[in-house]
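Chemist: As input, take data-v3.tsv (TSV, C-alpha atoms):
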```tsv
chain	number	residue	atom	x	y	z
A	1	MET	CA	0.00	0.00	0.00
A	2	THR	CA	1.18	3.44	-0.86
A	3	VAL	CA	0.11	6.58	0.92
A	4	PHE	CA	1.39	9.58	-1.00
A	5	SER	CA	0.39	12.47	1.19
A	6	LEU	CA	-2.03	13.88	3.72
A	7	ILE	CA	-3.71	17.26	3.78
A	8	ILE	CA	-5.86	18.59	6.59
A	9	ILE	CA	-8.24	21.44	5.82
A	10	ASN	CA	-9.98	23.33	8.60
A	11	LYS	CA	-13.67	24.13	8.52
A	12	ALA	CA	-13.05	27.49	6.87
A	13	GLY	CA	-11.15	25.97	3.95
A	14	GLY	CA	-7.69	26.86	5.18
A	15	LEU	CA	-4.78	24.49	4.95
A	16	VAL	CA	-3.63	23.47	8.41
A	17	TYR	CA	-1.44	20.45	7.66
A	18	GLN	CA	0.34	19.03	4.66
A	19	ARG	CA	2.79	16.20	4.64
A	20	GLU	CA	4.24	13.92	2.02
A	21	PHE	CA	4.95	10.34	2.99
A	22	GLN	CA	6.03	8.71	-0.23
A	23	PRO	CA	7.04	10.26	-3.52
A	24	GLY	CA	4.70	9.80	-6.44
A	25	LEU	CA	2.85	13.05	-6.69
A	26	ARG	CA	4.27	16.32	-7.88
A	27	LYS	CA	5.58	18.68	-5.28
A	28	LEU	CA	3.76	21.96	-5.10
A	29	SER	CA	4.75	25.19	-3.49
A	30	THR	CA	3.19	26.10	-0.16
A	31	ASN	CA	1.09	28.69	-1.91
A	32	ASP	CA	-0.22	26.10	-4.36
A	33	TYR	CA	-1.20	23.82	-1.49
A	34	LEU	CA	-3.09	26.67	0.10
A	35	VAL	CA	-4.91	27.31	-3.18
A	36	LEU	CA	-5.61	23.60	-3.54
A	37	ALA	CA	-7.10	23.41	-0.07
A	38	GLY	CA	-9.37	26.37	-0.70
A	39	THR	CA	-10.41	25.07	-4.11
A	40	PHE	CA	-11.18	21.66	-2.75
A	41	HIS	CA	-13.21	23.18	0.06
A	42	GLY	CA	-15.37	25.01	-2.48
A	43	VAL	CA	-15.69	22.08	-4.85
A	44	HIS	CA	-16.67	19.86	-1.95
A	45	ALA	CA	-19.58	22.15	-1.15
A	46	ILE	CA	-20.66	22.28	-4.80
A	47	THR	CA	-20.57	18.51	-5.22
A	48	ARG	CA	-22.99	18.29	-2.34
A	49	SER	CA	-25.37	20.79	-3.88
A	50	ILE	CA	-25.49	19.12	-7.31
A	51	THR	CA	-26.80	15.87	-5.88
A	52	PRO	CA	-29.49	14.68	-8.31
A	53	LYS	CA	-33.00	15.02	-6.97
A	54	ILE	CA	-35.70	12.60	-7.90
A	55	PRO	CA	-39.12	14.19	-8.11
A	56	LEU	CA	-41.78	12.52	-6.05
A	57	PRO	CA	-45.08	11.75	-7.77
A	58	THR	CA	-47.04	13.03	-4.81
A	59	ASN	CA	-48.63	15.87	-6.73
A	60	PRO	CA	-49.63	14.73	-10.20
A	61	ASN	CA	-50.81	18.25	-11.01
A	62	THR	CA	-47.34	19.60	-11.42
A	63	ILE	CA	-45.98	16.94	-13.67
A	64	PRO	CA	-48.22	17.06	-16.75
A	65	SER	CA	-48.78	20.80	-16.53
A	66	ASN	CA	-45.94	22.06	-18.64
A	67	SER	CA	-47.63	24.86	-20.49
A	68	SER	CA	-50.95	25.77	-18.97
A	69	SER	CA	-50.77	28.39	-16.30
A	70	HIS	CA	-54.11	27.77	-14.64
A	71	SER	CA	-52.98	24.41	-13.32
A	72	HIS	CA	-50.18	26.02	-11.38
A	73	GLN	CA	-52.61	27.07	-8.72
A	74	PRO	CA	-53.56	23.55	-7.57
A	75	SER	CA	-49.94	22.50	-7.79
A	76	THR	CA	-48.95	25.29	-5.49
A	77	SER	CA	-51.52	24.34	-2.94
A	78	SER	CA	-50.62	20.68	-3.13
A	79	ILE	CA	-46.96	21.46	-2.60
A	80	LEU	CA	-47.84	23.60	0.35
A	81	THR	CA	-49.96	20.90	1.83
A	82	THR	CA	-47.28	18.29	1.38
A	83	HIS	CA	-44.73	20.56	2.95
A	84	LYS	CA	-45.25	19.15	6.37
A	85	PRO	CA	-44.09	15.55	6.31
A	86	SER	CA	-47.39	13.80	6.65
A	87	PRO	CA	-47.55	10.02	6.49
A	88	SER	CA	-50.08	10.25	3.70
A	89	ILE	CA	-47.30	11.08	1.25
A	90	SER	CA	-45.62	7.75	1.55
A	91	THR	CA	-48.87	5.84	1.54
A	92	SER	CA	-50.36	7.50	-1.52
A	93	THR	CA	-47.30	7.10	-3.70
A	94	THR	CA	-47.00	4.32	-6.20
A	95	THR	CA	-43.28	4.21	-6.74
A	96	PRO	CA	-42.08	1.12	-8.51
A	97	SER	CA	-38.38	1.91	-8.74
A	98	THR	CA	-37.32	4.28	-5.99
A	99	PRO	CA	-38.52	4.15	-2.44
A	100	THR	CA	-39.79	7.34	-0.92
A	101	PRO	CA	-37.78	8.77	1.89
A	102	THR	CA	-38.94	8.44	5.42
A	103	ALA	CA	-40.37	11.56	6.93
A	104	PRO	CA	-37.34	12.52	9.08
A	105	SER	CA	-34.95	12.27	6.14
A	106	SER	CA	-36.83	14.97	4.32
A	107	THR	CA	-35.19	17.47	6.60
A	108	SER	CA	-31.98	17.00	4.63
A	109	THR	CA	-33.69	17.93	1.37
A	110	PRO	CA	-34.90	21.45	1.01
A	111	SER	CA	-38.25	20.45	-0.42
A	112	THR	CA	-40.47	17.48	0.13
A	113	THR	CA	-41.29	17.22	-3.56
A	114	HIS	CA	-37.91	15.65	-4.26
A	115	ALA	CA	-36.28	12.52	-2.97
A	116	LEU	CA	-32.62	11.71	-2.69
A	117	PRO	CA	-31.16	8.91	-4.79
A	118	ILE	CA	-30.43	7.01	-1.60
A	119	PRO	CA	-33.02	8.09	0.95
A	120	GLY	CA	-32.00	8.01	4.56
A	121	THR	CA	-28.32	8.59	3.85
A	122	PRO	CA	-27.15	12.09	4.60
A	123	VAL	CA	-25.94	14.08	1.62
A	124	THR	CA	-22.19	14.47	1.61
A	125	GLY	CA	-19.77	16.16	-0.69
A	126	LEU	CA	-17.03	14.46	-2.62
A	127	GLU	CA	-15.79	11.38	-0.79
A	128	VAL	CA	-13.52	9.57	-3.25
A	129	LEU	CA	-11.88	11.02	-6.34
A	130	GLU	CA	-10.12	8.80	-8.80
A	131	SER	CA	-7.58	9.70	-11.41
A	132	ASP	CA	-5.13	7.66	-13.43
A	133	LYS	CA	-2.34	8.08	-10.93
A	134	PHE	CA	-3.88	8.50	-7.54
A	135	ARG	CA	-7.01	8.18	-5.47
A	136	LEU	CA	-8.07	10.96	-3.17
A	137	THR	CA	-10.18	10.01	-0.18
A	138	CYS	CA	-11.84	12.80	1.76
A	139	PHE	CA	-13.06	12.29	5.28
A	140	GLN	CA	-15.02	15.09	6.86
A	141	THR	CA	-15.39	15.14	10.61
A	142	LEU	CA	-18.55	16.31	12.31
A	143	THR	CA	-16.91	19.63	13.05
A	144	GLY	CA	-16.11	20.26	9.39
A	145	THR	CA	-12.42	19.45	9.34
A	146	LYS	CA	-11.46	17.58	6.18
A	147	PHE	CA	-8.76	14.94	5.92
A	148	LEU	CA	-7.52	14.38	2.39
A	149	LEU	CA	-5.51	11.26	1.84
A	150	PHE	CA	-3.76	10.68	-1.46
A	151	THR	CA	-3.14	7.00	-2.06
A	152	ASP	CA	-2.29	4.61	-4.82
A	153	PRO	CA	-5.37	3.88	-6.99
A	154	LEU	CA	-4.88	0.16	-6.45
A	155	MET	CA	-5.01	0.43	-2.68
A	156	THR	CA	-8.38	-0.82	-1.52
A	157	THR	CA	-8.73	-0.16	2.18
A	158	VAL	CA	-8.27	3.53	2.80
A	159	GLU	CA	-11.01	3.88	5.40
A	160	PRO	CA	-9.11	2.34	8.35
A	161	VAL	CA	-6.04	4.42	7.55
A	162	ILE	CA	-8.00	7.64	7.56
A	163	ARG	CA	-9.77	6.65	10.78
A	164	LYS	CA	-6.45	6.02	12.46
A	165	ILE	CA	-5.13	9.36	11.25
A	166	TYR	CA	-8.21	11.02	12.72
A	167	GLU	CA	-7.57	9.21	15.97
A	168	LEU	CA	-3.96	10.38	16.04
A	169	TYR	CA	-5.15	13.90	15.26
A	170	ALA	CA	-7.58	13.75	18.14
A	171	ASP	CA	-4.93	12.43	20.49
A	172	PHE	CA	-1.94	14.54	19.60
A	173	VAL	CA	-3.35	17.72	18.07
A	174	MET	CA	-6.66	18.33	19.79
A	175	LYS	CA	-5.33	17.29	23.20
A	176	ASN	CA	-2.26	19.47	22.84
A	177	PRO	CA	-2.88	22.40	25.20
A	178	PHE	CA	-0.73	24.70	23.07
A	179	TYR	CA	-2.59	24.05	19.85
A	180	GLN	CA	-4.76	26.93	18.71
A	181	LEU	CA	-7.93	25.82	16.97
A	182	GLU	CA	-8.11	26.33	13.20
A	183	MET	CA	-4.42	27.22	13.08
A	184	PRO	CA	-1.69	25.27	11.27
A	185	VAL	CA	-0.77	22.04	13.01
A	186	ARG	CA	2.74	22.09	14.41
A	187	CYS	CA	2.82	19.18	16.80
A	188	GLU	CA	5.94	17.08	16.90
A	189	ALA	CA	4.22	14.18	18.59
A	190	PHE	CA	1.58	14.05	15.85
A	191	ASP	CA	4.25	14.05	13.14
A	192	ARG	CA	6.22	11.34	14.90
A	193	HIS	CA	3.31	9.02	15.56
A	194	LEU	CA	1.82	9.52	12.11
A	195	GLY	CA	5.09	8.74	10.39
A	196	GLY	CA	5.76	5.80	12.67
A	197	TRP	CA	2.33	4.28	12.25
A	198	LEU	CA	2.30	4.58	8.47
A	199	ARG	CA	5.81	3.16	8.21
A	200	GLY	CA	4.72	0.25	10.36
A	201	ARG	CA	1.88	-0.56	8.00
A	202	VAL	CA	4.00	-0.71	4.87
B	1	MET	CA	-27.64	1.03	-12.53
B	2	VAL	CA	-29.27	4.42	-13.05
B	3	VAL	CA	-28.04	7.28	-15.18
B	4	TYR	CA	-29.22	10.62	-13.83
B	5	SER	CA	-27.85	13.06	-16.34
B	6	PHE	CA	-25.37	13.60	-19.12
B	7	TYR	CA	-23.58	16.77	-20.21
B	8	ILE	CA	-21.21	17.77	-22.99
B	9	PHE	CA	-19.06	20.87	-22.64
B	10	ASP	CA	-17.01	22.33	-25.47
B	11	ARG	CA	-13.57	23.90	-25.22
B	12	HIS	CA	-15.07	27.32	-24.60
B	13	ALA	CA	-16.60	26.06	-21.35
B	14	GLU	CA	-20.06	26.15	-22.84
B	15	CYS	CA	-22.58	23.43	-22.21
B	16	ILE	CA	-23.47	22.23	-25.72
B	17	TYR	CA	-25.69	19.35	-24.70
B	18	LYS	CA	-27.49	18.32	-21.57
B	19	LYS	CA	-29.93	15.59	-20.90
B	20	ARG	CA	-31.50	14.37	-17.72
B	21	TRP	CA	-33.11	11.04	-17.15
B	22	LEU	CA	-35.53	10.78	-14.31
B	23	PRO	CA	-36.64	7.43	-13.01
B	24	ARG	CA	-40.29	8.43	-13.28
B	25	PRO	CA	-41.65	7.87	-16.80
B	26	ALA	CA	-44.18	10.68	-16.38
B	27	VAL	CA	-41.51	13.32	-16.04
B	28	VAL	CA	-38.99	12.13	-18.60
B	29	GLY	CA	-38.42	15.14	-20.78
B	30	LYS	CA	-35.71	17.24	-22.21
B	31	SER	CA	-34.10	19.38	-19.62
B	32	ARG	CA	-33.95	22.23	-22.08
B	33	ALA	CA	-37.70	22.21	-22.40
B	34	ASN	CA	-38.09	22.06	-18.65
B	35	SER	CA	-35.81	24.97	-18.03
B	36	GLU	CA	-37.84	27.16	-20.34
B	37	LEU	CA	-40.98	26.81	-18.33
B	38	PRO	CA	-42.65	30.10	-17.39
B	39	ALA	CA	-40.48	31.42	-14.62
B	40	PRO	CA	-42.09	31.43	-11.20
B	41	THR	CA	-42.63	35.05	-10.36
B	42	ASN	CA	-44.98	35.46	-7.46
B	43	GLY	CA	-45.50	33.42	-4.34
B	44	LEU	CA	-44.53	30.04	-5.69
B	45	PRO	CA	-42.80	27.92	-3.09
B	46	ALA	CA	-39.10	27.29	-3.02
B	47	ALA	CA	-39.59	23.82	-4.41
B	48	ILE	CA	-40.22	25.12	-7.90
B	49	GLY	CA	-37.38	27.60	-7.76
B	50	GLN	CA	-35.19	24.74	-6.66
B	51	SER	CA	-36.07	22.54	-9.60
B	52	ASP	CA	-35.59	25.50	-11.88
B	53	ARG	CA	-32.11	25.93	-10.52
B	54	THR	CA	-31.26	22.29	-10.90
B	55	THR	CA	-32.20	22.07	-14.54
B	56	ASP	CA	-30.53	25.19	-15.79
B	57	ASP	CA	-27.69	26.11	-13.52
B	58	ASP	CA	-26.56	22.63	-12.64
B	59	ALA	CA	-24.64	22.51	-15.89
B	60	LYS	CA	-22.63	25.54	-14.83
B	61	LEU	CA	-21.97	24.11	-11.39
B	62	ILE	CA	-20.94	20.79	-12.87
B	63	PHE	CA	-18.62	22.46	-15.31
B	64	GLY	CA	-16.99	24.42	-12.52
B	65	THR	CA	-16.57	21.29	-10.47
B	66	VAL	CA	-15.02	19.14	-13.16
B	67	PHE	CA	-12.85	22.00	-14.37
B	68	SER	CA	-11.44	22.60	-10.90
B	69	LEU	CA	-10.95	18.91	-10.20
B	70	ARG	CA	-9.31	18.31	-13.58
B	71	ASN	CA	-6.85	21.13	-12.93
B	72	MET	CA	-6.19	19.86	-9.44
B	73	VAL	CA	-5.50	16.35	-10.72
B	74	ARG	CA	-3.17	17.66	-13.41
B	75	LYS	CA	-1.29	19.75	-10.91
B	76	LEU	CA	-0.72	16.84	-8.57
B	77	GLY	CA	-0.37	13.93	-10.95
B	78	GLY	CA	1.38	15.65	-13.82
B	79	GLU	CA	0.15	16.72	-17.23
B	80	ASP	CA	-0.55	13.17	-18.40
B	81	ASP	CA	-2.76	12.35	-15.46
B	82	SER	CA	-6.48	12.57	-16.01
B	83	PHE	CA	-9.47	12.94	-13.75
B	84	VAL	CA	-11.72	9.88	-14.04
B	85	SER	CA	-14.54	10.06	-11.54
B	86	TYR	CA	-15.61	11.01	-8.07
B	87	CYS	CA	-18.33	9.74	-5.80
B	88	THR	CA	-20.26	11.13	-2.86
B	89	SER	CA	-22.60	9.26	-0.56
B	90	GLN	CA	-25.43	9.77	-3.07
B	91	TYR	CA	-24.12	9.70	-6.62
B	92	GLN	CA	-21.12	9.25	-8.87
B	93	LEU	CA	-19.78	11.60	-11.52
B	94	HIS	CA	-17.82	10.24	-14.46
B	95	TYR	CA	-15.63	12.35	-16.66
B	96	TYR	CA	-13.99	11.90	-20.02
B	97	GLU	CA	-12.14	14.53	-21.98
B	98	THR	CA	-11.22	14.20	-25.63
B	99	PRO	CA	-7.89	15.48	-26.98
B	100	THR	CA	-9.85	18.41	-28.43
B	101	ASN	CA	-10.99	19.40	-24.93
B	102	ILE	CA	-14.58	18.34	-25.33
B	103	LYS	CA	-15.73	17.19	-21.92
B	104	PHE	CA	-18.25	14.42	-21.38
B	105	VAL	CA	-19.81	14.19	-17.94
B	106	MET	CA	-22.25	11.62	-16.66
B	107	LEU	CA	-23.96	11.39	-13.29
B	108	THR	CA	-24.95	7.90	-12.21
B	109	ASP	CA	-25.88	6.08	-9.06
B	110	LEU	CA	-23.30	4.47	-6.81
B	111	LYS	CA	-23.76	0.93	-8.11
B	112	SER	CA	-22.52	1.65	-11.59
B	113	PRO	CA	-19.05	0.52	-12.66
B	114	SER	CA	-16.50	2.82	-14.24
B	115	MET	CA	-18.15	4.63	-17.12
B	116	ARG	CA	-15.01	5.87	-18.78
B	117	VAL	CA	-15.32	3.35	-21.63
B	118	ALA	CA	-19.00	4.15	-22.04
B	119	LEU	CA	-18.27	7.85	-22.31
B	120	GLN	CA	-15.53	7.10	-24.79
B	121	GLN	CA	-18.00	5.05	-26.82
B	122	ILE	CA	-20.50	7.88	-26.78
B	123	TYR	CA	-17.80	10.12	-28.15
B	124	ILE	CA	-16.55	7.73	-30.82
B	125	ASN	CA	-19.75	6.05	-31.91
B	126	LEU	CA	-22.28	8.80	-31.42
B	127	PHE	CA	-20.69	12.22	-31.21
B	128	VAL	CA	-18.14	11.73	-33.98
B	129	GLU	CA	-20.55	9.85	-36.20
B	130	TYR	CA	-23.61	12.04	-35.91
B	131	VAL	CA	-22.26	15.45	-34.95
B	132	VAL	CA	-18.70	15.79	-36.21
B	133	LYS	CA	-19.32	13.95	-39.49
B	134	ASN	CA	-22.54	15.81	-40.14
B	135	PRO	CA	-21.78	18.19	-43.04
B	136	LEU	CA	-24.53	20.54	-41.93
B	137	SER	CA	-23.22	20.81	-38.40
B	138	PRO	CA	-20.93	23.75	-37.60
B	139	THR	CA	-17.45	23.12	-36.23
B	140	GLU	CA	-18.32	24.86	-33.01
B	141	HIS	CA	-21.65	24.34	-31.35
B	142	PRO	CA	-22.73	27.56	-29.65
B	143	GLY	CA	-25.93	26.99	-27.78
B	144	GLY	CA	-25.96	23.35	-28.77
B	145	ILE	CA	-26.41	23.91	-32.52
B	146	GLY	CA	-25.49	20.77	-34.40
B	147	VAL	CA	-25.48	18.55	-31.32
B	148	ASN	CA	-29.22	18.57	-30.80
B	149	ASN	CA	-29.93	16.64	-33.98
B	150	GLU	CA	-32.35	13.78	-34.04
B	151	LEU	CA	-29.88	11.01	-34.84
B	152	PHE	CA	-27.57	11.89	-31.99
B	153	GLU	CA	-30.31	12.34	-29.43
B	154	GLU	CA	-32.07	9.18	-30.40
B	155	SER	CA	-28.97	7.01	-30.42
B	156	LEU	CA	-27.86	8.48	-27.12
B	157	GLU	CA	-31.23	7.64	-25.66
B	158	GLN	CA	-30.90	4.11	-26.98
B	159	PHE	CA	-27.36	3.76	-25.71
B	160	VAL	CA	-28.27	4.83	-22.21
B	161	THR	CA	-31.51	2.89	-21.95
B	162	ARG	CA	-30.37	-0.34	-23.62
B	163	VAL	CA	-26.62	-0.64	-23.33
B	164	LEU	CA	-26.18	0.84	-19.91
B	165	ALA	CA	-29.37	-0.29	-18.28
```
Show me the file's structure as structure tokens.

Modeler:
Amino acid sequence: MTVFSLIIINKAGGLVYQREFQPGLRKLSTNDYLVLAGTFHGVHAITRSITPKIPLPTNPNTIPSNSSSHSHQPSTSSILTTHKPSPSISTSTTTPSTPTPTAPSSTSTPSTTHALPIPGTPVTGLEVLESDKFRLTCFQTLTGTKFLLFTDPLMTTVEPVIRKIYELYADFVMKNPFYQLEMPVRCEAFDRHLGGWLRGRV
Amino acid sequence: MVVYSFYIFDRHAECIYKKRWLPRPAVVGKSRANSELPAPTNGLPAAIGQSDRTTDDDAKLIFGTVFSLRNMVRKLGGEDDSFVSYCTSQYQLHYYETPTNIKFVMLTDLKSPSMRVALQQIYINLFVEYVVKNPLSPTEHPGGIGVNNELFEESLEQFVTRVLA
């Protein structure tokens, strides 16, 4: 297994940590890494917002009415009535292919007229990016910090590695009393343990 | 597997073709036609504004995304590296770029395999055959002129519904 490098981006999109473990990717200047972190932060948000939405057939008025304007009035009222997640939505639907989301999951979608491709799963941004030469796995913590791990595309199990890195981050960065939140990570113990653990896995 | 949408962008960053497939047969329609619905002006709920945004401006957002990611990949992996795909918890995006910088983008569900070959086939067997070799089609396609011909649209529809389904 080959881990090329690790980047940690804080919740504001700033680069707080960058380290190369094995050669394989091009070296960038510090400025370029900062730009990359900011760009990725933005792209991550956009990839979440372009999640395809599957229209629910709850209000048949809206679907055939493409041209006539008078039928917009009932559609408006039916949308408004379906706005509160009533159980009648899921019972009245006849969906052969996609299941309707459960009522609580509709809080993640802005409107109840659309369903997510995978209902019940929270919408996330980019998680895995693949290119010819590397695979980028992004893990976002609950507080918005993003861990970007660049690995070999053939490496299959990235998840445990990124979990362990998160654990080391929690232990040696977050528990460091001198670490200032959202600031660049300069913790010797973190560097040492990270390097040691990844070397041990090779 | 499910294909949600398909986009072609030319080298001037313009979306020259977009097509969305929705799992519901009642609402299958051309996204271009949908986006030209009478714009909601007065107190229509946010749901309609939302769908309006997704049909028309999604292409711009998707272009921005793939453009940024492509540049990022090239910066890190070198000039000969190419961005292939990404996935989120909900969907997958596949990307293929021709040597002439025409970008093919396809959004599918998570169960689909790598679509790089499929996108390449769409380029070789459909785009080149029906758009590039069409003597009536202009070399550039501003606003989708030349791409929105019947043969291309129909064969794309067939390809997605029969070959990929």

Chemist: With all atoms listed in the file counted, which protein, DNA or RNA residues have an atom no more than 12 Å from (-18.1, 7.7, -6.6) in the file frame? Please answer as a ChimeraX atom specification.

Modeler: /A:47,51,124-131,135-138 /B:84-95,106-115

Chemist: Got a sec: who's within 8 Å of Val131 in chain B, counting all atoms listed in the file, leaving out chain neighbours fewer than 2 positions off, as a count of residues only?

Modeler: 11

Chemist: What does the distance from CA of Ile16 in chain B to CA of Leu116 in chain A come to in Å, to one decimal?

Modeler: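 These two atoms are separated by 26.9 Å.
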
Chemist: Rank A:Phe139, A:Phe21, A:Tyr169, A:Phe190 by their smallest atom-to-atom distance to chain B, using all atoms listed in the file, and report the top residue only.

Modeler: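 Once distances to chain B are computed over all atoms listed in the file, the minimum belongs to A:Phe139.
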
Chemist: Just how far from CA of Phe147 in chain A is CA of Leu6 in chain A, in Å to one decimal?

Modeler: 7.2 Å

Chemist: So the first atom is CA of Leu194 in chain A and the second is CA of Pro23 in chain A; what is the distance between them in Å, to one decimal place?

Modeler: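 Computing the Euclidean distance for CA of Leu194 in chain A and CA of Pro23 in chain A yields 16.5 Å.
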
Chemist: In terms of the shortest atom-to-atom distance over all atoms listed in the file, which of A:Ala45, A:Gly13, A:Ile118, A:Asp32 is closest to chain B?

Modeler: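 Of all the options, A:Ile118 lies closest to chain B.
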
Chemist: Give the answer as one residue: which of A:Lys53, A:Lys11, A:Arg26, A:Arg192 has the shortest atom-to-atom distance to chain B, using all atoms listed in the file?

Modeler: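 Among the listed residues, A:Arg26 lies closest to chain B.
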
Chemist: Which residues are near range 67-80 of chain B? Cut-off 9 Å, all atoms listed in the file, ignore same chain within fewer than 4 positions. Put them as a ChimeraX atom specification.

Modeler: /A:24-28,36,39-40,43,129,131-134 /B:13,62-63,84

Chemist: Which of these residues is nearest to Glu97 in chain B, using only C-alpha atoms: B:Leu151, B:Val163, B:Val132, B:Ile8?

Modeler: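 Closest candidate: B:Ile8.
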